[in-house]
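Novice: Handing you this structure, nothing more for now.
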Amino acid sequence: MSRKLSVLLGCAFLMSLCWAEDKIPLPLPDPGNVTLTLDEYNRLVSMAAKPPKKVDAAPLPYSIQHADLKLRVDNSGVIGSLELEGEVFHKGISKVPLTNGMTILEARQNGKGVPLIQEGGTHMALLPAGDFSIALDTGLPLRIEAGRASFSLPAPSAGSVQMSLIIPGEHTLANINPGVITSRKSENGHTAIEATLVPGQPANVWWATREVSAPVAPREVRFLADAKTLVSISEAEMRVAVLADITMVMGETDSFQVQIPEGFEVTGVTGPNLDSAETQPKALDEKSARIPEAAHRYISLHVLNPALRSHQFLISMERSIQGTQAGAPLISFKGAQRETGEVLVEGAGTMEITATEAGGLKRMDVKEANPYLRVLAHFPPQAAFRYHRQPSETPSLALNWVRFPDGSVLAAVAESADVTTMVTSEGKSLTEVKLTVKNQAQPFLKVSLPGGATILSAEVAGERVKPVQGADGNRVPLLRPGFRPNGPYTVSFLFLHSGAPFEKKGGADLTLPSMDIPISLLNWEVFLPERYKVKDFGGDVIAANRVPVPLREEATRQGQLPRDNEAPNSSVGAALMQSPAGQMGGYVTDPTGAVVAGAQVTVTSSDNAMSRSTVTDANGRWTVLGLASGNYKIKLESRGFKTSVNNVRYDSTQPSLYAGVLSVGNLAESVEVTAEQVTINTESASLSGRNFSRVAPLAPGAVSQSASANVVNLQKKVAGVLPVPIDVPRAGTSFSFVRPLVLDEETKVTFSYKSR
């Protein structure tokens, strides 16, 4: 038990010691000392080793940013105010120089006085740090000499210096050196000038004065006026530009009075010596206190230097117009000793202007007009006149015009269209349209198909493209990616029309869609099944054999007319070579069938000896127009061939075409024959006859012929393009039609048929 008691007493003693330690405070440093860590101590030592940075001071204790001078010339001197704006950078009070050589009457800042001192003739203000704005009332001495007044203005040393000066007298010409006058205005007997001065440099200001004590009699003023007028007519207004040249003959004047035509508003007046321009109201009648109807409106042109011997002005006027006629305005200078001028008339847009001159106006070529006047024109001038105004006459020009609607520029045009249509016994028709296109920027061709028709395929320059179905019709691309045409190219599309089945006999029609580009010539070949006999063709097309050759020159390039090495003795050639009534023509070939170009053809009437001559072209073709019916001798001559003289009977009411053959031999040798009427053998495609024969005219209407290569190619395409099977006729007959100048309209062919 005693052992346990000793252990308990020991524990209590230890606990008392721990409690005593918690109550004893830790040792603290002496007052004024701080305990730092080693890292903090080393950092402070490093900072103490570096020298302190010096504070940058402003290079100047002050800065004057802007100075504004407002001065007025009085009888005894120049008085006004000077406003200075700037900033003081140094702390405390700084001396700021304001001006030198000017008398300072008072200095204010924010309505309070500013202390000033003078050192070396310079007025200085004592200002604290910060922005300042000081207003000074100042004065300058005025020097007056014979005919001249001047003063010297010391410009403050500021960033910019502006001056406004009012001097006595209207239109007074003042000069400043150095400095630039930016504005000049005259009113109420004074001239106000605004100028920019060179900072820190004295400016000399001077102007001319006149002695008022000794009045001088006014000198007579004489001058010549020349006005060149451009009249421009647009839809709703007439604009006029006048180049006026004034030449002084005697005396001086500081203003000119210009009579303005009634109804016109002056929109601008410029000139190198022009000071100002102001419109004067019409003068009142003193008795009636009303404006007379005959009163004129004038505009006063004030000049800067009346001593100049010539003045130039550009006057612009305009007025609204209604209707299609108006009078051209001609201005007049009041008091001019002689007035001359020119008038040039132009119209905006597509219009035709008729000008009727009177009162001394004389018409001239527009190329003779003044070159400066022609430069002002924006459109081709339509009339030009010159005049010399006389006291007994007043020049006048009446204008009447007709405006035409503006035509749109064609973006694309088709030189030709070759159309091939193949009709089946079921009444369906498959049509291929090939266009030779010249295109500038039109991306699509709008095609309005007839009811029941569908476009199957399309190609641009030999590569397939995809047609587009729009809300207002189908679109066939005229361009494709990567294709940049620099000349004519081919665009084609193929469409199928359901149609109606053929019966034993009846009538049918075929329709081509309208296309939104002009087509110069449309050639249409219709291939019908052999089992049907067709007749009575109609519609808005022409049978190919009834169209004159000059209308179908394009067919020659397509290989449809005889070429240079091909005789015209074929059924196709004969059909295309029919001449219109009243025209005699033909071909000249050699015995091998080659055409003879450059052969001399002389047609002489056996009745009255009247003679006409022509020469065969590169295709051996010749034509003579306006011959009456009767007997003729046709003489054919060419180097290396015998001369051929042919007697023919010509009927002017019936187209006539003659095929002549020249035999090889000496030109001096001559062969005389009589033309015989021959028939056409369509199977052998040849003509029977002698050296010179008349081709029999074909019957009116469509002419049947064998299928061309276009039909064969279309038959080959059927299997590859049609989504549904179709009974393609392999045997049949082709009929050719043409239609010139097709403008966004359908083309139709009608016919009657009967089953064989």
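Each chain in the structure tokens gets a letter, A, B and so on, in the order shown; residues start at 1 in every chain, and ligands are counted from 1 in the order they appear.
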Skip range 169-183 of chain A itself and residues of its chain fewer than 2 positions away, then list as an NGL selection string all residues within 12 Å of it, counting only C-alpha atoms.
Specialist: :A and (73-74 or 148-155 or 160-167 or 185-210 or 212 or 253-255 or 273-276 or 301-307)
Novice: By how many Å are CA of Leu521 in chain A and CA of Thr616 in chain A apart?
Specialist: 25.4 Å
Novice: Between A:Leu126, A:Ile134, A:Val114, A:Ile353, single out the one closest to Gly86 in chain A, counting only C-alpha atoms.
Specialist: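 Ranked by minimum distance to Gly86 in chain A, first place goes to A:Ile134.
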Novice: Residues at most 7 Å from Leu743 in chain A, counting only C-alpha atoms, excluding those fewer than 5 positions away in the same chain, as a PDB file with N, CA, C and O atoms, in the first residue's frame?
Specialist:
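Okay, out.pdb is ready:
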ATOM      1  N   ILE A 517     -33.350  32.397-124.467  1.00  0.00           N
ATOM      2  CA  ILE A 517     -32.280  33.092-125.178  1.00  0.00           C
ATOM      3  C   ILE A 517     -32.669  33.162-126.650  1.00  0.00           C
ATOM      4  O   ILE A 517     -33.336  32.263-127.169  1.00  0.00           O
ATOM      5  N   PRO A 518     -32.301  34.240-127.352  1.00  0.00           N
ATOM      6  CA  PRO A 518     -32.648  34.346-128.771  1.00  0.00           C
ATOM      7  C   PRO A 518     -31.923  33.283-129.601  1.00  0.00           C
ATOM      8  O   PRO A 518     -30.755  32.975-129.360  1.00  0.00           O
ATOM      9  N   ILE A 519     -32.626  32.747-130.580  1.00  0.00           N
ATOM     10  CA  ILE A 519     -32.057  31.755-131.496  1.00  0.00           C
ATOM     11  C   ILE A 519     -32.093  32.353-132.890  1.00  0.00           C
ATOM     12  O   ILE A 519     -33.165  32.708-133.411  1.00  0.00           O
TER      13      ILE A 519
END
Novice: Could you give me the residues within range 140-301 of chain A that DSSP places in strand (DSSP E or B), as number ranges by chain?
Specialist: A: 140-141, 143-145, 148-154, 160-168, 174-177, 180-187, 190-197, 202-208, 222-233, 237-250, 255-260, 265-270, 274-280, 297-301
Novice: Which of these, A:Gln390, A:Ser514, A:Asn713, A:Thr750, has the shortest distance to Asp536 in chain A once you count only C-alpha atoms?
Specialist: A:Thr750
Novice: Could you pull out the residues in range 315-561 of chain A that DSSP calls helix (DSSP H, G or I) from the backbone, as an NGL selection string?
Specialist: :A and (366-368 or 371-376 or 544-546 or 549-557)
Novice: Quote the spacing between CA of Thr623 in chain A and CA of Arg639 in chain A in Å to one decimal place.
Specialist: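 We find that CA of Thr623 in chain A and CA of Arg639 in chain A lie 20.3 Å from each other.
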Novice: Just want the 9 Å neighbourhood of Ser310 in chain A, counted on only C-alpha atoms, with same-chain residues fewer than 5 positions away dropped. Output as number ranges by chain.
Specialist: A: 245-248
Novice: Between A:Gly660, A:Pro467, A:Gly80, A:Pro591, which has the minimum distance to Asp137 in chain A (counting only C-alpha atoms)?
Specialist: A:Gly80
Novice: In Å, with one decimal, what is the gap from CA of Glu393 in chain A to CA of Thr267 in chain A?
Specialist: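 Taking CA of Glu393 in chain A as the start and CA of Thr267 in chain A as the end point, the length is 28.6 Å.
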